[in-house]
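Asks: Structure file entry06.tsv (TSV, C-alpha atoms) right here:
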```
chain	number	residue	atom	x	y	z
A	1	MET	CA	-45.77	-15.99	22.12
A	2	SER	CA	-42.53	-17.78	23.11
A	3	ILE	CA	-41.92	-19.30	26.53
A	4	ALA	CA	-39.12	-16.77	27.22
A	5	ALA	CA	-41.44	-13.87	26.44
A	6	ALA	CA	-44.20	-15.35	28.57
A	7	GLN	CA	-41.88	-15.60	31.55
A	8	GLY	CA	-40.64	-12.05	30.97
A	9	SER	CA	-36.99	-13.13	30.50
A	10	ILE	CA	-34.44	-12.24	27.80
A	11	GLN	CA	-32.42	-15.15	26.48
A	12	VAL	CA	-28.79	-14.18	25.83
A	13	PRO	CA	-26.32	-16.67	24.32
A	14	ALA	CA	-23.27	-17.36	26.45
A	15	VAL	CA	-20.04	-19.24	25.91
A	16	GLN	CA	-17.75	-21.01	28.32
A	17	VAL	CA	-14.27	-19.54	28.47
A	18	GLN	CA	-11.30	-21.87	28.29
A	19	ALA	CA	-7.59	-21.50	27.75
A	20	ARG	CA	-6.65	-21.58	24.07
A	21	SER	CA	-3.44	-21.95	22.16
A	22	VAL	CA	-2.67	-18.69	20.34
A	23	ALA	CA	0.36	-17.06	18.78
A	24	THR	CA	2.43	-14.94	21.14
A	25	GLY	CA	4.40	-11.82	20.34
A	26	PHE	CA	3.77	-8.12	20.71
A	27	GLU	CA	1.67	-5.48	19.00
A	28	LEU	CA	2.39	-1.89	18.01
A	29	ASP	CA	0.43	0.92	16.39
A	30	GLY	CA	1.34	1.81	12.83
A	31	VAL	CA	0.23	4.34	10.24
A	32	ILE	CA	-1.00	3.75	6.69
A	33	GLN	CA	1.03	5.48	3.99
A	34	PRO	CA	0.87	5.41	0.20
A	35	VAL	CA	4.00	3.93	-1.35
A	36	LYS	CA	3.89	6.48	-4.18
A	37	GLN	CA	3.38	10.04	-2.91
A	38	SER	CA	4.69	13.21	-4.57
A	39	THR	CA	4.87	16.88	-3.70
A	40	ILE	CA	4.15	18.69	-6.96
A	41	SER	CA	6.07	21.95	-7.35
A	42	ALA	CA	6.27	24.64	-9.98
A	43	GLN	CA	9.14	24.67	-12.47
A	44	ALA	CA	8.42	28.22	-13.66
A	45	GLY	CA	7.95	31.45	-11.75
A	46	GLY	CA	4.87	33.66	-11.93
A	47	ARG	CA	1.41	34.17	-10.56
A	48	ILE	CA	-0.81	31.08	-10.28
A	49	ALA	CA	-3.59	31.73	-12.79
A	50	THR	CA	-5.76	28.71	-11.95
A	51	LEU	CA	-5.69	25.82	-9.51
A	52	VAL	CA	-8.20	23.41	-11.00
A	53	VAL	CA	-8.11	20.67	-8.32
A	54	LYS	CA	-8.76	20.47	-4.59
A	55	ALA	CA	-8.08	17.96	-1.84
A	56	GLY	CA	-9.89	14.70	-2.50
A	57	ASP	CA	-10.06	15.05	-6.28
A	58	LYS	CA	-9.14	12.09	-8.48
A	59	VAL	CA	-6.73	12.94	-11.30
A	60	ARG	CA	-5.43	11.11	-14.36
A	61	VAL	CA	-1.89	11.08	-15.68
A	62	GLY	CA	-1.22	14.19	-17.80
A	63	GLN	CA	-4.22	16.08	-16.41
A	64	VAL	CA	-3.64	19.82	-15.86
A	65	LEU	CA	-3.55	20.59	-12.14
A	66	ALA	CA	-2.63	24.29	-12.22
A	67	THR	CA	-1.61	26.99	-14.68
A	68	ILE	CA	0.83	29.85	-14.18
A	69	ASP	CA	0.63	33.25	-15.90
A	70	ASP	CA	2.61	32.62	-19.10
A	71	ARG	CA	2.71	36.11	-20.65
A	72	GLU	CA	6.42	36.41	-20.00
A	73	ALA	CA	6.98	32.93	-21.42
A	74	GLN	CA	5.00	33.82	-24.53
A	75	THR	CA	7.19	36.91	-25.03
A	76	GLY	CA	10.26	34.69	-24.79
A	77	VAL	CA	8.84	32.32	-27.40
A	78	GLN	CA	8.15	35.21	-29.80
A	79	ARG	CA	11.64	36.62	-29.28
A	80	SER	CA	13.16	33.19	-29.97
A	81	GLN	CA	11.11	32.78	-33.12
A	82	ALA	CA	12.34	36.17	-34.37
A	83	GLN	CA	15.93	35.17	-33.66
A	84	VAL	CA	15.43	31.95	-35.61
A	85	ALA	CA	14.08	33.92	-38.60
A	86	GLN	CA	17.03	36.33	-38.43
A	87	ALA	CA	19.53	33.46	-38.22
A	88	GLN	CA	17.98	31.73	-41.21
A	89	ALA	CA	18.17	34.93	-43.27
A	90	GLU	CA	21.82	35.41	-42.35
A	91	LEU	CA	22.51	31.78	-43.26
A	92	ARG	CA	20.93	32.19	-46.69
A	93	ASN	CA	23.00	35.34	-47.30
A	94	ALA	CA	26.21	33.61	-46.19
A	95	GLN	CA	25.44	30.59	-48.38
A	96	ALA	CA	24.89	32.81	-51.45
A	97	ASN	CA	28.11	34.75	-50.75
A	98	PHE	CA	30.07	31.51	-50.39
A	99	ASP	CA	28.69	30.16	-53.68
A	100	ARG	CA	29.62	33.37	-55.58
A	101	THR	CA	33.08	33.50	-54.06
A	102	ARG	CA	33.73	29.87	-54.94
A	103	ASP	CA	32.75	30.47	-58.58
A	104	LEU	CA	34.91	33.57	-58.83
A	105	GLN	CA	37.87	31.85	-57.24
A	106	ALA	CA	37.53	28.98	-59.76
A	107	LYS	CA	37.82	31.54	-62.58
A	108	GLY	CA	40.79	33.21	-60.93
A	109	PHE	CA	39.05	36.54	-60.12
A	110	VAL	CA	39.49	36.27	-56.31
A	111	SER	CA	42.13	34.79	-54.10
A	112	ALA	CA	41.91	31.63	-52.01
A	113	ALA	CA	41.87	33.82	-48.87
A	114	ALA	CA	38.57	35.38	-49.96
A	115	LEU	CA	37.08	31.90	-50.33
A	116	ASP	CA	38.29	30.96	-46.85
A	117	THR	CA	36.66	34.10	-45.43
A	118	ALA	CA	33.34	33.32	-47.15
A	119	GLU	CA	33.48	29.74	-45.84
A	120	SER	CA	34.09	30.98	-42.29
A	121	GLN	CA	31.14	33.34	-42.54
A	122	LEU	CA	28.94	30.43	-43.73
A	123	LYS	CA	29.95	28.23	-40.80
A	124	GLY	CA	29.30	31.10	-38.38
A	125	ALA	CA	25.83	31.60	-39.87
A	126	GLN	CA	25.10	27.87	-39.51
A	127	ALA	CA	26.17	27.99	-35.86
A	128	GLY	CA	23.97	31.06	-35.31
A	129	ARG	CA	21.01	29.19	-36.80
A	130	ASP	CA	21.60	26.19	-34.49
A	131	GLN	CA	21.91	28.52	-31.48
A	132	ALA	CA	18.68	30.29	-32.35
A	133	GLY	CA	16.89	26.94	-32.78
A	134	ALA	CA	18.09	25.76	-29.36
A	135	GLY	CA	16.85	29.02	-27.82
A	136	ALA	CA	13.45	28.53	-29.44
A	137	ARG	CA	13.17	25.01	-28.06
A	138	GLN	CA	14.20	26.24	-24.60
A	139	SER	CA	11.56	28.98	-24.69
A	140	ALA	CA	8.87	26.48	-25.73
A	141	LEU	CA	9.93	24.17	-22.90
A	142	ALA	CA	9.78	27.04	-20.39
A	143	GLN	CA	6.29	27.89	-21.59
A	144	GLY	CA	5.26	24.26	-21.07
A	145	PHE	CA	6.38	24.53	-17.43
A	146	THR	CA	3.54	27.01	-16.85
A	147	ARG	CA	1.12	24.06	-17.10
A	148	VAL	CA	1.48	21.77	-14.06
A	149	THR	CA	0.27	18.25	-14.90
A	150	ALA	CA	-0.22	15.03	-12.94
A	151	PRO	CA	2.71	12.58	-13.27
A	152	TYR	CA	0.46	9.53	-12.61
A	153	ASP	CA	-3.10	8.49	-11.78
A	154	GLY	CA	-3.96	9.29	-8.19
A	155	TRP	CA	-5.73	11.45	-5.66
A	156	VAL	CA	-5.00	14.97	-4.42
A	157	LEU	CA	-4.06	14.68	-0.76
A	158	GLN	CA	-3.53	18.37	0.00
A	159	THR	CA	-3.11	21.72	-1.73
A	160	HIS	CA	-0.45	24.19	-0.58
A	161	ALA	CA	-1.32	27.24	-2.70
A	162	GLU	CA	-4.27	29.14	-4.13
A	163	ALA	CA	-4.95	31.01	-7.36
A	164	GLY	CA	-3.20	34.38	-7.20
A	165	ASP	CA	-0.27	33.17	-5.11
A	166	LEU	CA	3.23	33.63	-6.43
A	167	ALA	CA	4.71	30.40	-7.80
A	168	VAL	CA	8.45	29.96	-7.37
A	169	PRO	CA	10.45	27.02	-8.78
A	170	GLY	CA	10.57	24.39	-6.06
A	171	LYS	CA	7.66	25.83	-4.04
A	172	PRO	CA	5.07	23.08	-3.32
A	173	LEU	CA	1.69	23.50	-4.99
A	174	LEU	CA	-0.05	20.27	-3.94
A	175	THR	CA	0.54	16.73	-2.71
A	176	LEU	CA	-0.53	13.80	-4.87
A	177	TYR	CA	-0.61	10.10	-4.04
A	178	ALA	CA	-1.43	6.87	-5.85
A	179	PRO	CA	-4.08	4.66	-4.16
A	180	LEU	CA	-2.05	1.53	-4.86
A	181	PRO	CA	0.13	0.19	-3.45
A	182	ILE	CA	-0.16	1.17	0.23
A	183	ARG	CA	1.94	0.23	3.22
A	184	ALA	CA	1.81	0.20	7.00
A	185	VAL	CA	4.70	1.99	8.69
A	186	VAL	CA	5.48	1.04	12.29
A	187	GLN	CA	8.21	2.31	14.59
A	188	VAL	CA	9.74	-0.64	16.46
A	189	PRO	CA	11.77	0.18	19.60
A	190	VAL	CA	15.42	-0.78	19.32
A	191	SER	CA	15.04	-2.85	22.49
A	192	ARG	CA	12.49	-5.05	20.67
A	193	SER	CA	14.27	-5.17	17.34
A	194	GLY	CA	15.72	-8.63	17.94
A	195	VAL	CA	12.32	-10.06	18.93
A	196	ALA	CA	10.73	-8.44	15.88
A	197	HIS	CA	13.27	-9.99	13.50
A	198	ALA	CA	12.84	-13.38	15.18
A	199	ALA	CA	9.03	-13.25	14.90
A	200	GLY	CA	7.49	-16.06	12.89
A	201	ALA	CA	5.14	-13.69	11.09
A	202	VAL	CA	4.34	-10.00	10.83
A	203	GLU	CA	0.62	-9.30	10.49
A	204	VAL	CA	-1.65	-6.28	10.15
A	205	LEU	CA	-5.17	-6.15	11.61
A	206	LEU	CA	-7.72	-5.63	8.84
A	207	PRO	CA	-11.10	-4.38	10.13
A	208	GLY	CA	-14.14	-6.16	8.71
A	209	GLY	CA	-17.25	-4.50	7.36
A	210	ASP	CA	-19.48	-6.46	9.76
A	211	GLY	CA	-17.49	-5.41	12.81
A	212	GLY	CA	-15.18	-8.43	12.66
A	213	ALA	CA	-11.47	-8.23	12.03
A	214	ARG	CA	-8.76	-10.54	10.74
A	215	TRP	CA	-5.01	-10.51	10.54
A	216	ILE	CA	-3.41	-10.29	7.09
A	217	ARG	CA	0.21	-10.66	6.07
A	218	PRO	CA	2.02	-7.97	4.07
A	219	VAL	CA	3.25	-8.58	0.55
A	220	SER	CA	6.77	-7.50	1.50
A	221	VAL	CA	8.60	-6.29	4.59
A	222	ALA	CA	11.47	-3.82	4.64
A	223	THR	CA	13.31	-2.01	7.42
A	224	VAL	CA	15.20	1.26	7.39
A	225	PRO	CA	18.84	0.44	8.26
A	226	THR	CA	19.13	3.31	10.75
A	227	ALA	CA	17.60	4.11	14.13
A	228	ASP	CA	15.99	7.41	15.01
A	229	PRO	CA	18.42	9.16	17.39
A	230	VAL	CA	15.61	10.75	19.43
A	231	SER	CA	12.94	8.05	19.73
A	232	GLN	CA	15.38	5.13	19.43
A	233	THR	CA	13.09	3.27	17.04
A	234	ILE	CA	13.57	1.51	13.71
A	235	GLU	CA	11.08	2.04	10.92
A	236	TRP	CA	9.44	-1.04	9.44
A	237	ARG	CA	7.59	-0.71	6.12
A	238	LEU	CA	4.97	-3.36	5.39
A	239	GLU	CA	3.53	-3.27	1.86
A	240	LEU	CA	-0.08	-4.46	2.02
A	241	PRO	CA	-2.11	-6.46	-0.53
A	242	ALA	CA	-4.55	-4.69	-2.85
A	243	GLU	CA	-7.56	-5.74	-0.76
A	244	ALA	CA	-6.33	-3.56	2.11
A	245	ALA	CA	-6.69	-0.40	-0.03
A	246	LYS	CA	-10.48	-0.87	0.09
A	247	THR	CA	-10.42	-0.52	3.89
A	248	PHE	CA	-7.49	1.70	4.83
A	249	LEU	CA	-6.93	5.38	4.09
A	250	PRO	CA	-3.60	7.26	4.19
A	251	GLY	CA	-2.93	8.49	7.70
A	252	GLN	CA	-5.17	5.88	9.32
A	253	GLN	CA	-3.87	4.13	12.42
A	254	VAL	CA	-3.46	0.37	12.18
A	255	ARG	CA	-2.49	-2.44	14.54
A	256	VAL	CA	0.63	-4.47	13.68
A	257	ARG	CA	1.44	-7.79	15.33
A	258	PHE	CA	4.80	-9.52	15.47
A	259	ALA	CA	3.68	-13.10	16.06
A	260	GLY	CA	5.89	-15.58	17.86
A	261	SER	CA	5.46	-19.16	19.00
A	262	GLN	CA	2.25	-20.75	20.29
A	263	ALA	CA	1.23	-20.31	23.95
A	264	THR	CA	-1.85	-21.00	26.06
A	265	ARG	CA	-3.92	-17.92	26.86
A	266	MET	CA	-7.42	-17.15	28.17
A	267	VAL	CA	-9.38	-15.80	25.19
A	268	VAL	CA	-12.94	-14.48	24.85
A	269	PRO	CA	-14.83	-13.52	21.67
A	270	ALA	CA	-14.44	-9.86	20.79
A	271	ALA	CA	-18.25	-9.46	20.74
A	272	ALA	CA	-18.40	-10.35	24.45
A	273	VAL	CA	-16.32	-7.35	25.54
A	274	LEU	CA	-18.17	-4.27	26.79
A	275	ARG	CA	-16.31	-0.96	26.56
A	276	ARG	CA	-17.65	2.07	28.40
A	277	GLY	CA	-15.09	4.85	28.59
A	278	GLU	CA	-12.16	3.49	30.58
A	279	LEU	CA	-14.16	0.45	31.73
A	280	THR	CA	-13.53	-2.85	29.98
A	281	ALA	CA	-15.78	-5.64	31.21
A	282	VAL	CA	-17.80	-8.74	30.35
A	283	TYR	CA	-21.08	-10.12	31.67
A	284	VAL	CA	-20.48	-13.43	33.46
A	285	VAL	CA	-23.29	-15.92	34.13
A	286	SER	CA	-24.16	-15.74	37.83
A	287	GLY	CA	-27.08	-17.82	39.06
A	288	LYS	CA	-30.05	-17.13	36.84
A	289	GLY	CA	-28.71	-13.83	35.54
A	290	PHE	CA	-25.49	-12.02	34.69
A	291	ALA	CA	-22.91	-10.13	36.72
A	292	LEU	CA	-20.69	-7.41	35.28
A	293	LYS	CA	-16.99	-8.18	35.74
A	294	ALA	CA	-14.14	-5.83	34.91
A	295	VAL	CA	-11.33	-7.48	32.94
A	296	ARG	CA	-7.89	-6.50	31.74
A	297	LEU	CA	-7.33	-7.32	28.10
A	298	GLY	CA	-4.18	-8.29	26.28
A	299	ALA	CA	-3.47	-8.80	22.62
A	300	GLU	CA	-6.14	-9.23	19.98
A	301	HIS	CA	-6.04	-12.47	18.02
A	302	GLY	CA	-8.47	-11.69	15.20
A	303	ALA	CA	-11.12	-14.36	14.76
A	304	ASP	CA	-9.74	-16.25	17.80
A	305	GLY	CA	-10.86	-13.42	20.09
A	306	VAL	CA	-9.26	-11.13	22.64
A	307	GLU	CA	-6.79	-12.22	25.28
A	308	VAL	CA	-7.91	-11.73	28.90
A	309	VAL	CA	-5.01	-11.11	31.25
A	310	ALA	CA	-7.02	-10.80	34.47
A	311	GLY	CA	-10.62	-10.87	35.65
A	312	LEU	CA	-11.85	-14.30	34.48
A	313	ALA	CA	-11.35	-17.88	35.59
A	314	ASP	CA	-11.21	-20.98	33.46
A	315	GLY	CA	-14.76	-22.26	32.99
A	316	ASP	CA	-16.58	-18.94	33.38
A	317	ARG	CA	-19.45	-18.37	30.98
A	318	VAL	CA	-19.69	-14.93	29.37
A	319	ALA	CA	-22.53	-13.31	27.42
A	320	LEU	CA	-22.00	-12.89	23.69
A	321	ASP	CA	-24.33	-9.86	23.66
A	322	PRO	CA	-23.26	-7.64	26.59
A	323	VAL	CA	-25.86	-4.97	25.77
A	324	ARG	CA	-28.81	-7.36	26.12
A	325	ALA	CA	-27.16	-9.09	29.09
A	326	GLY	CA	-27.35	-5.82	31.00
A	327	LEU	CA	-31.13	-5.61	30.68
A	328	ALA	CA	-33.40	-6.58	33.54
A	329	GLY	CA	-34.51	-10.21	33.39
A	330	ALA	CA	-31.68	-11.32	31.10
A	331	GLN	CA	-30.82	-15.01	31.39
A	332	ALA	CA	-28.23	-17.23	29.79
A	333	ALA	CA	-29.40	-19.38	26.90
A	334	ALA	CA	-28.21	-22.93	26.27
A	335	ALA	CA	-24.55	-23.30	27.18
A	336	ALA	CA	-21.90	-23.21	24.47
A	337	THR	CA	-18.18	-23.74	24.76
A	338	VAL	CA	-15.24	-22.08	23.08
A	339	ALA	CA	-13.20	-25.15	22.16
A	340	PRO	CA	-9.45	-24.87	22.81
A	341	VAL	CA	-7.16	-24.85	19.81
A	342	VAL	CA	-4.72	-27.79	19.86
A	343	PRO	CA	-1.13	-26.74	19.06
A	344	PRO	CA	0.37	-28.40	15.95
A	345	ALA	CA	2.94	-30.24	18.06
A	346	ALA	CA	0.24	-31.70	20.33
A	347	ALA	CA	-1.89	-32.72	17.36
A	348	LYS	CA	0.87	-35.01	16.20
```
For this file, produce the structure as structure tokens.

Replies:
Amino acid sequence: MSIAAAQGSIQVPAVQVQARSVATGFELDGVIQPVKQSTISAQAGGRIATLVVKAGDKVRVGQVLATIDDREAQTGVQRSQAQVAQAQAELRNAQANFDRTRDLQAKGFVSAAALDTAESQLKGAQAGRDQAGAGARQSALAQGFTRVTAPYDGWVLQTHAEAGDLAVPGKPLLTLYAPLPIRAVVQVPVSRSGVAHAAGAVEVLLPGGDGGARWIRPVSVATVPTADPVSQTIEWRLELPAEAAKTFLPGQQVRVRFAGSQATRMVVPAAAVLRRGELTAVYVVSGKGFALKAVRLGAEHGADGVEVVAGLADGDRVALDPVRAGLAGAQAAAAATVAPVVPPAAAK
């Protein structure tokens, strides 16, 4: 049995809080969006015979997503095939008539005008054959429109119709998106646009699997060159690296930071913060135990911790495990210190 257990106390690690040099700026909430997202619509009218996918299904390029009743299209194909056969028969007849007329005209039995007439009939039959062939190809293409296929590999985000519904050209059937690449979209107020453009870095908070989080930089940054007339915001689009797709989902809220210059701030480890409803507090070492102190937090700085705007003084020691610190008999373990980060300019 350990000494702590024998004395009936719970040893909780604590760290001493000091001012640290962190990047300043401001943070906004953004939304994750897929870069490639399509609303798939029907190109042919008719009843939806089958809808073979549902929301959440993974699809491959060329995979059939839905089929439309193609009986009318099949009738059109058969009619076009009959017209092609008729045009070919008329062409053969016109060709034979032209050949006979040419031979007779060479022997002087018919006039040159009769040969011209036969040649005109041949050209008309050739044009009729070409027209019938184009109609057949158009009918086959229209029949192909009754099979709705995936334009690329992706996931079905939402379906907008069911089997039995009437499909109309342009009416949405489902929404499809590609898992890569993804982007974070954030609406920056016009009043902060200048500060955002002057920021040294734009970063997105990537949650960690073990509860930790870190800031990552987007692959590319683009802004929409217009402001929303109602909200007076400018849309920023931040394309994220492939690793972010393993964590984020379309529609998920994300934190975006526009980092500025270095400044000294009071920072505590994120694990030391206790959140209970609207209460945000930390356990501060007081005598032989801990005292709960409400704090007001500022920006998050990833692995550096969370900024404390009010509630703590330089040199306070806070518990790293606020749940255990709230138990009866909890005591602070050996003191540890959060070392301040020296700004690059000071290091020189």

Asks: Restricting the calculation to all atoms listed in the file: of A:Ala127, A:Ala244, A:Ala114, A:Ala136, which residue gets closest to Ala85 in chain A?

Replies: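 With all atoms listed in the file as the atom set, the closest residue is A:Ala136.
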
Asks: Would you compute, for all listed atoms of range 60-70 of chain A, the axis-aligned bounding box grown by 8 Å on each side, and then report its centre and edge lengths in Å rounded to one decimal, as AutoDock Vina command-line options?

Replies:
```
--center_x -1.4 --center_y 22.2 --center_z -15.6 --size_x 24.0 --size_y 38.2 --size_z 23.0
```

Asks: Using CA of Ala270 in chain A and CA of Ala332 in chain A as the two end points, give the distance in Å to one decimal.

Replies: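 We find that CA of Ala270 in chain A and CA of Ala332 in chain A lie 18.0 Å from each other.
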
Asks: If you take all atoms listed in the file and a cut-off of 6 Å, which residues of range 150-249 of chain A touch range 35-57 of chain A, and what are their nearest atom pairs and distances in Å to one decimal, in chain and number order, as JSON lines?

Replies:
```
{"residue": "A:Trp155", "atom": "CA", "partner": "A:Asp57", "partner_atom": "CA", "distance": 5.7}
{"residue": "A:Val156", "atom": "CA", "partner": "A:Ala55", "partner_atom": "CA", "distance": 5.0}
{"residue": "A:Leu157", "atom": "CA", "partner": "A:Ala55", "partner_atom": "CA", "distance": 5.3}
{"residue": "A:Gln158", "atom": "CA", "partner": "A:Ala55", "partner_atom": "CA", "distance": 4.9}
{"residue": "A:Ala163", "atom": "CA", "partner": "A:Ile48", "partner_atom": "CA", "distance": 5.1}
{"residue": "A:Gly164", "atom": "CA", "partner": "A:Ile48", "partner_atom": "CA", "distance": 5.1}
{"residue": "A:Asp165", "atom": "CA", "partner": "A:Ile48", "partner_atom": "CA", "distance": 5.6}
{"residue": "A:Leu166", "atom": "CA", "partner": "A:Arg47", "partner_atom": "CA", "distance": 4.5}
{"residue": "A:Ala167", "atom": "CA", "partner": "A:Gly45", "partner_atom": "CA", "distance": 5.2}
{"residue": "A:Val168", "atom": "CA", "partner": "A:Gly45", "partner_atom": "CA", "distance": 4.7}
{"residue": "A:Pro169", "atom": "CA", "partner": "A:Gln43", "partner_atom": "CA", "distance": 4.6}
{"residue": "A:Gly170", "atom": "CA", "partner": "A:Ser41", "partner_atom": "CA", "distance": 5.3}
{"residue": "A:Lys171", "atom": "CA", "partner": "A:Ser41", "partner_atom": "CA", "distance": 5.3}
{"residue": "A:Pro172", "atom": "CA", "partner": "A:Ser41", "partner_atom": "CA", "distance": 4.3}
{"residue": "A:Leu173", "atom": "CA", "partner": "A:Ser41", "partner_atom": "CA", "distance": 5.2}
{"residue": "A:Leu174", "atom": "CA", "partner": "A:Ile40", "partner_atom": "CA", "distance": 5.4}
{"residue": "A:Thr175", "atom": "CA", "partner": "A:Thr39", "partner_atom": "CA", "distance": 4.4}
{"residue": "A:Leu176", "atom": "CA", "partner": "A:Ser38", "partner_atom": "CA", "distance": 5.3}
{"residue": "A:Tyr177", "atom": "CA", "partner": "A:Gln37", "partner_atom": "CA", "distance": 4.1}
{"residue": "A:Ala178", "atom": "CA", "partner": "A:Lys36", "partner_atom": "CA", "distance": 5.6}
{"residue": "A:Pro181", "atom": "CA", "partner": "A:Val35", "partner_atom": "CA", "distance": 5.8}
{"residue": "A:Ile182", "atom": "CA", "partner": "A:Val35", "partner_atom": "CA", "distance": 5.2}
```

Asks: Using only C-alpha atoms, which residues sit within 7 Å of Glu235 in chain A once same-chain residues fewer than 5 positions away are excluded, as JSON, numbers by chain?

Replies: {"A": [185, 186, 187, 188, 223, 224]}

Asks: Which value, in Å to one decimal, gives the distance between CA of Val230 in chain A and CA of Ala299 in chain A?

Replies: 27.5 Å

Asks: Report the distance between CA of Arg129 in chain A and CA of Arg92 in chain A in Å, rounded to one decimal place.

Replies: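 Value for the CA of Arg129 in chain A-CA of Arg92 in chain A distance: 10.3 Å.
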
Asks: Check the smallest atom-to-atom distance from each of A:Ile216, A:Ala272, A:Met266, A:Ala242 to Ala201 in chain A using only C-alpha atoms, then report the winner.

Replies: A:Ile216

Asks: I need the residue nearest Pro189 in chain A from this list: A:Val267, A:Leu28, A:Leu320, A:Leu312. Use only C-alpha atoms for the distance.

Replies: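 Distance minimum relative to Pro189 in chain A lands on A:Leu28.
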